[in-house]
Amino acid sequence: MGGGWGRKTATDPTLAPGISVTGDTNGFLGGGQVGCNYQLAPNWVIGIEGDGLGADIKGDVTQTVLGITGTAHAKTDWIASATGRIGWAWDRWLLYAKGGAAWAGDKYSVDIPVFPEHLEASETRTGWTVGGGLEWAFWNNWSAKLEYDFYDFGTRTLTFTGTFAGVPIEVPGVDIRQRIQTVKFGINYRFDWGKAPVVARY
């Protein structure tokens, strides 16, 4: 569980060349992870992990473009990743870094009251992530961790669909740039599948 915040920048080179709309998002997230670690002598730990997080990271921005005022809404519903991890262990502590592939599920909508107009779009994005954290083996096979992650999902081109004065329309070619940062706290249970060297008692 934890929190996330991000920034999205939208441009439409066809309808509004040279004009961009930028908004911030934030909210809560929670989920789980699975993975495996191997401790190398004397203190190195390597591993792989996958995680899935339900999210409520959202935000709104109101802006006037070409004399027309509208409100854009953005929400990230979930984030997932598959990463490698490397760390340095001492006593019951592990300081680690991680990186790999990431995915996110996003929804967008735009309301322009003067017409009225309502547009929507949704997508699943692929990107990359890097991060790091500190993990503490506090009791038997249980550990707790505090982790920071940065996600970059690049720029994707979307088509918005909706209505304009009650008539169905499409607005193609909307470019949206997205980055997300998260801070997460988690509790892990580690299964003993084999006898890896345990020098640092991590």
# chains A, B, ... in the order shown; residues from 1 in each chain; ligands from 1
>>> residues_around(residues="Ile68 in chain A", least_positions_apart="6", cutoff="12 Å", atoms="only C-alpha atoms", output="list of chain:residue names")
A:Ala16, A:Thr62, A:Asp111, A:Ile112, A:Pro113, A:Val114, A:Phe115, A:Pro116, A:Glu117
>>> write_last_selection(atoms="C-alpha atoms", output="tab-separated table (two decimals), in the first residue's frame")
chain	number	residue	atom	x	y	z
A	16	ALA	CA	-4.39	23.12	-31.48
A	62	THR	CA	-9.40	23.38	-16.28
A	111	ASP	CA	-16.02	18.20	-20.55
A	112	ILE	CA	-16.69	21.43	-22.48
A	113	PRO	CA	-19.92	22.86	-21.01
A	114	VAL	CA	-20.49	25.62	-23.58
A	115	PHE	CA	-21.40	23.20	-26.40
A	116	PRO	CA	-22.01	20.84	-24.43
A	117	GLU	CA	-19.36	18.26	-25.24
>>> closest_atom_pairs(of="range 155-181 of chain A", to="range 71-86 of chain A", cutoff="12 Å", atoms="only C-alpha atoms", output="JSON lines")
{"residue": "A:Phe160", "atom": "CA", "partner": "A:Ala72", "partner_atom": "CA", "distance": 11.8}
{"residue": "A:Ile176", "atom": "CA", "partner": "A:Ala74", "partner_atom": "CA", "distance": 10.6}
{"residue": "A:Arg177", "atom": "CA", "partner": "A:Ala74", "partner_atom": "CA", "distance": 11.9}
{"residue": "A:Gln178", "atom": "CA", "partner": "A:Thr76", "partner_atom": "CA", "distance": 10.4}
{"residue": "A:Arg179", "atom": "CA", "partner": "A:Thr76", "partner_atom": "CA", "distance": 11.0}
{"residue": "A:Ile180", "atom": "CA", "partner": "A:Thr76", "partner_atom": "CA", "distance": 9.5}
{"residue": "A:Gln181", "atom": "CA", "partner": "A:Ile79", "partner_atom": "CA", "distance": 11.1}
>>> closest_residue(among="A:Val34, A:Leu134, A:Ala144, A:Val171", to="Leu95 in chain A", atoms="only C-alpha atoms")
A:Leu134
>>> atom_distance(atom1="CA of Leu15 in chain A", atom2="CA of Val110 in chain A")
14.8 Å
>>> closest_atom_pairs(of="range 70-156 of chain A", to="range 35-43 of chain A", cutoff="8 Å", atoms="only C-alpha atoms", output="CSV")
residue,atom,partner,partner_atom,distance
A:Trp88,CA,A:Asn43,CA,5.7
A:Ala89,CA,A:Asn43,CA,5.1
A:Trp90,CA,A:Asn43,CA,6.6
>>> select_by_dssp(residues="range 71-202 of chain A", states="strand (DSSP E or B)", output="PyMOL selection string")
chain A and resi 71-90+93-112+117-139+142-164+167-189
>>> residues_around(residues="Trp136 in chain A", least_positions_apart="4", cutoff="7 Å", atoms="only C-alpha atoms", output="VMD selection string")
chain A and resid 92 to 94 143 to 145
>>> write_last_selection(atoms="N, CA, C and O atoms", output="PDB file, in the first residue's frame")
ATOM      1  N   ARG A  92      19.949  -7.740   9.594  1.00  0.00           N
ATOM      2  CA  ARG A  92      18.618  -8.044   9.087  1.00  0.00           C
ATOM      3  C   ARG A  92      18.101  -6.989   8.100  1.00  0.00           C
ATOM      4  O   ARG A  92      16.899  -6.882   7.868  1.00  0.00           O
ATOM      5  N   TRP A  93      18.981  -6.232   7.517  1.00  0.00           N
ATOM      6  CA  TRP A  93      18.592  -5.154   6.613  1.00  0.00           C
ATOM      7  C   TRP A  93      19.040  -5.446   5.183  1.00  0.00           C
ATOM      8  O   TRP A  93      20.056  -6.091   4.959  1.00  0.00           O
ATOM      9  N   LEU A  94      18.277  -4.932   4.233  1.00  0.00           N
ATOM     10  CA  LEU A  94      18.620  -5.049   2.817  1.00  0.00           C
ATOM     11  C   LEU A  94      18.356  -3.709   2.136  1.00  0.00           C
ATOM     12  O   LEU A  94      17.227  -3.215   2.139  1.00  0.00           O
ATOM     13  N   SER A 143       9.283  -9.866   6.664  1.00  0.00           N
ATOM     14  CA  SER A 143      10.051  -8.640   6.467  1.00  0.00           C
ATOM     15  C   SER A 143       9.108  -7.495   6.093  1.00  0.00           C
ATOM     16  O   SER A 143       8.004  -7.715   5.594  1.00  0.00           O
ATOM     17  N   ALA A 144       9.576  -6.280   6.351  1.00  0.00           N
ATOM     18  CA  ALA A 144       8.829  -5.066   5.996  1.00  0.00           C
ATOM     19  C   ALA A 144       9.726  -4.204   5.106  1.00  0.00           C
ATOM     20  O   ALA A 144      10.950  -4.189   5.278  1.00  0.00           O
ATOM     21  N   LYS A 145       9.124  -3.487   4.169  1.00  0.00           N
ATOM     22  CA  LYS A 145       9.936  -2.669   3.273  1.00  0.00           C
ATOM     23  C   LYS A 145       9.281  -1.316   3.016  1.00  0.00           C
ATOM     24  O   LYS A 145       8.051  -1.161   3.087  1.00  0.00           O
TER      25      LYS A 145
END
>>> atom_distance(atom1="CA of Gly59 in chain A", atom2="CA of Gly4 in chain A")
11.7 Å
>>> atom_distance(atom1="CA of Gly67 in chain A", atom2="CA of Thr25 in chain A")
25.0 Å
>>> closest_residue(among="A:Phe191, A:Gly131, A:Thr126, A:Glu120", to="Lys98 in chain A", atoms="only C-alpha atoms")
A:Gly131
>>> closest_residue(among="A:Gly100, A:Gly162, A:Gly186, A:Pro168", to="Ala137 in chain A", atoms="only C-alpha atoms")
A:Gly186
>>> closest_residue(among="A:Leu146, A:Asp51, A:Gly6, A:Gln63", to="Val21 in chain A", atoms="only C-alpha atoms")
A:Gln63
>>> decode(residues="range 21-150 of chain A", atoms="C-alpha atoms", output="compact mmCIF listing (two decimals), in the first residue's frame")
# COMPACT_ATOMS: atom_id res chain seq x y z
CA VAL A 21 -2.38 21.07 -21.33
CA THR A 22 -0.54 19.78 -18.25
CA GLY A 23 -2.16 18.41 -15.12
CA ASP A 24 -1.03 16.68 -11.92
CA THR A 25 -2.52 13.52 -10.45
CA ASN A 26 -2.25 11.91 -7.02
CA GLY A 27 -3.91 9.28 -4.87
CA PHE A 28 -3.65 5.94 -3.10
CA LEU A 29 -2.67 2.47 -4.27
CA GLY A 30 -2.51 -1.04 -2.85
CA GLY A 31 -1.84 -4.57 -4.03
CA GLY A 32 0.63 -7.43 -3.77
CA GLN A 33 3.79 -8.96 -5.18
CA VAL A 34 5.47 -12.30 -5.78
CA GLY A 35 9.11 -13.05 -6.42
CA CYS A 36 12.23 -14.89 -5.42
CA ASN A 37 15.64 -13.91 -4.01
CA TYR A 38 19.01 -15.60 -3.82
CA GLN A 39 21.62 -14.46 -1.34
CA LEU A 40 25.21 -14.60 -2.58
CA ALA A 41 28.22 -14.75 -0.31
CA PRO A 42 28.96 -12.68 1.51
CA ASN A 43 26.30 -9.94 1.36
CA TRP A 44 24.78 -9.62 -2.12
CA VAL A 45 21.12 -10.46 -2.83
CA ILE A 46 19.67 -10.80 -6.35
CA GLY A 47 16.10 -11.54 -7.33
CA ILE A 48 13.11 -11.02 -9.59
CA GLU A 49 9.62 -9.87 -8.68
CA GLY A 50 6.28 -8.99 -10.16
CA ASP A 51 3.68 -6.75 -8.57
CA GLY A 52 0.14 -5.60 -9.27
CA LEU A 53 -1.42 -2.52 -7.71
CA GLY A 54 -4.94 -1.20 -7.77
CA ALA A 55 -4.76 2.60 -7.89
CA ASP A 56 -6.87 5.70 -7.46
CA ILE A 57 -4.37 8.21 -8.85
CA LYS A 58 -6.40 11.00 -10.44
CA GLY A 59 -6.58 14.70 -11.12
CA ASP A 60 -8.44 17.44 -12.99
CA VAL A 61 -7.31 20.53 -14.86
CA THR A 62 -9.40 23.38 -16.28
CA GLN A 63 -7.90 25.41 -19.11
CA THR A 64 -8.97 27.79 -21.84
CA VAL A 65 -7.68 26.89 -25.31
CA LEU A 66 -8.52 29.01 -28.37
CA GLY A 67 -11.13 30.85 -26.30
CA ILE A 68 -12.93 27.66 -25.21
CA THR A 69 -12.84 26.54 -21.57
CA GLY A 70 -12.93 22.86 -20.71
CA THR A 71 -12.06 20.50 -17.87
CA ALA A 72 -9.93 17.40 -18.42
CA HIS A 73 -10.01 14.44 -16.02
CA ALA A 74 -7.37 11.69 -15.78
CA LYS A 75 -7.23 8.55 -13.65
CA THR A 76 -4.83 5.62 -13.33
CA ASP A 77 -6.76 2.52 -12.20
CA TRP A 78 -3.87 0.08 -11.87
CA ILE A 79 -0.10 -0.31 -12.20
CA ALA A 80 1.90 -3.53 -12.70
CA SER A 81 5.59 -4.28 -13.14
CA ALA A 82 8.11 -7.09 -13.68
CA THR A 83 11.55 -6.20 -12.37
CA GLY A 84 14.96 -7.48 -11.42
CA ARG A 85 16.42 -6.58 -8.04
CA ILE A 86 19.90 -6.36 -6.56
CA GLY A 87 20.75 -5.45 -2.98
CA TRP A 88 23.32 -5.36 -0.20
CA ALA A 89 22.41 -7.11 3.05
CA TRP A 90 23.75 -6.66 6.55
CA ASP A 91 22.39 -8.07 9.80
CA ARG A 92 18.62 -8.04 9.09
CA TRP A 93 18.59 -5.15 6.61
CA LEU A 94 18.62 -5.05 2.82
CA LEU A 95 19.28 -1.93 0.75
CA TYR A 96 18.26 -2.60 -2.86
CA ALA A 97 17.69 -1.18 -6.33
CA LYS A 98 15.30 -2.51 -8.97
CA GLY A 99 14.28 -1.92 -12.57
CA GLY A 100 12.27 -3.42 -15.41
CA ALA A 101 9.06 -3.23 -17.41
CA ALA A 102 5.83 -1.57 -16.28
CA TRP A 103 2.20 -1.31 -17.34
CA ALA A 104 -0.67 1.02 -16.39
CA GLY A 105 -4.39 1.27 -17.01
CA ASP A 106 -5.58 4.84 -17.64
CA LYS A 107 -8.89 6.60 -18.25
CA TYR A 108 -9.45 10.14 -19.55
CA SER A 109 -12.42 12.41 -20.11
CA VAL A 110 -12.99 16.00 -21.24
CA ASP A 111 -16.02 18.20 -20.55
CA ILE A 112 -16.69 21.43 -22.48
CA PRO A 113 -19.92 22.86 -21.01
CA VAL A 114 -20.49 25.62 -23.58
CA PHE A 115 -21.40 23.20 -26.40
CA PRO A 116 -22.01 20.84 -24.43
CA GLU A 117 -19.36 18.26 -25.24
CA HIS A 118 -18.14 15.14 -23.41
CA LEU A 119 -15.23 13.00 -24.66
CA GLU A 120 -13.64 9.84 -23.24
CA ALA A 121 -10.65 7.58 -23.87
CA SER A 122 -8.95 4.67 -22.11
CA GLU A 123 -5.77 2.69 -22.64
CA THR A 124 -3.26 0.19 -21.28
CA ARG A 125 0.27 1.61 -21.39
CA THR A 126 3.66 -0.10 -21.46
CA GLY A 127 6.73 1.62 -20.06
CA TRP A 128 9.66 1.15 -17.71
CA THR A 129 10.37 1.60 -14.02
CA VAL A 130 13.34 2.07 -11.71
CA GLY A 131 13.34 2.32 -7.95
CA GLY A 132 14.84 1.27 -4.68
CA GLY A 133 14.13 0.71 -1.05
CA LEU A 134 15.05 -0.61 2.35
CA GLU A 135 13.80 -3.96 3.69
CA TRP A 136 13.97 -5.22 7.29
CA ALA A 137 13.66 -8.90 8.25
CA PHE A 138 11.93 -8.27 11.56
CA TRP A 139 10.79 -11.78 12.60
CA ASN A 140 11.48 -15.29 11.30
CA ASN A 141 10.49 -15.24 7.60
CA TRP A 142 8.66 -11.90 7.78
CA SER A 143 10.05 -8.64 6.47
CA ALA A 144 8.83 -5.07 6.00
CA LYS A 145 9.94 -2.67 3.27
CA LEU A 146 9.71 0.97 2.28
CA GLU A 147 10.16 1.57 -1.46
CA TYR A 148 10.22 4.42 -3.99
CA ASP A 149 9.52 3.79 -7.69
CA PHE A 150 9.59 5.98 -10.78
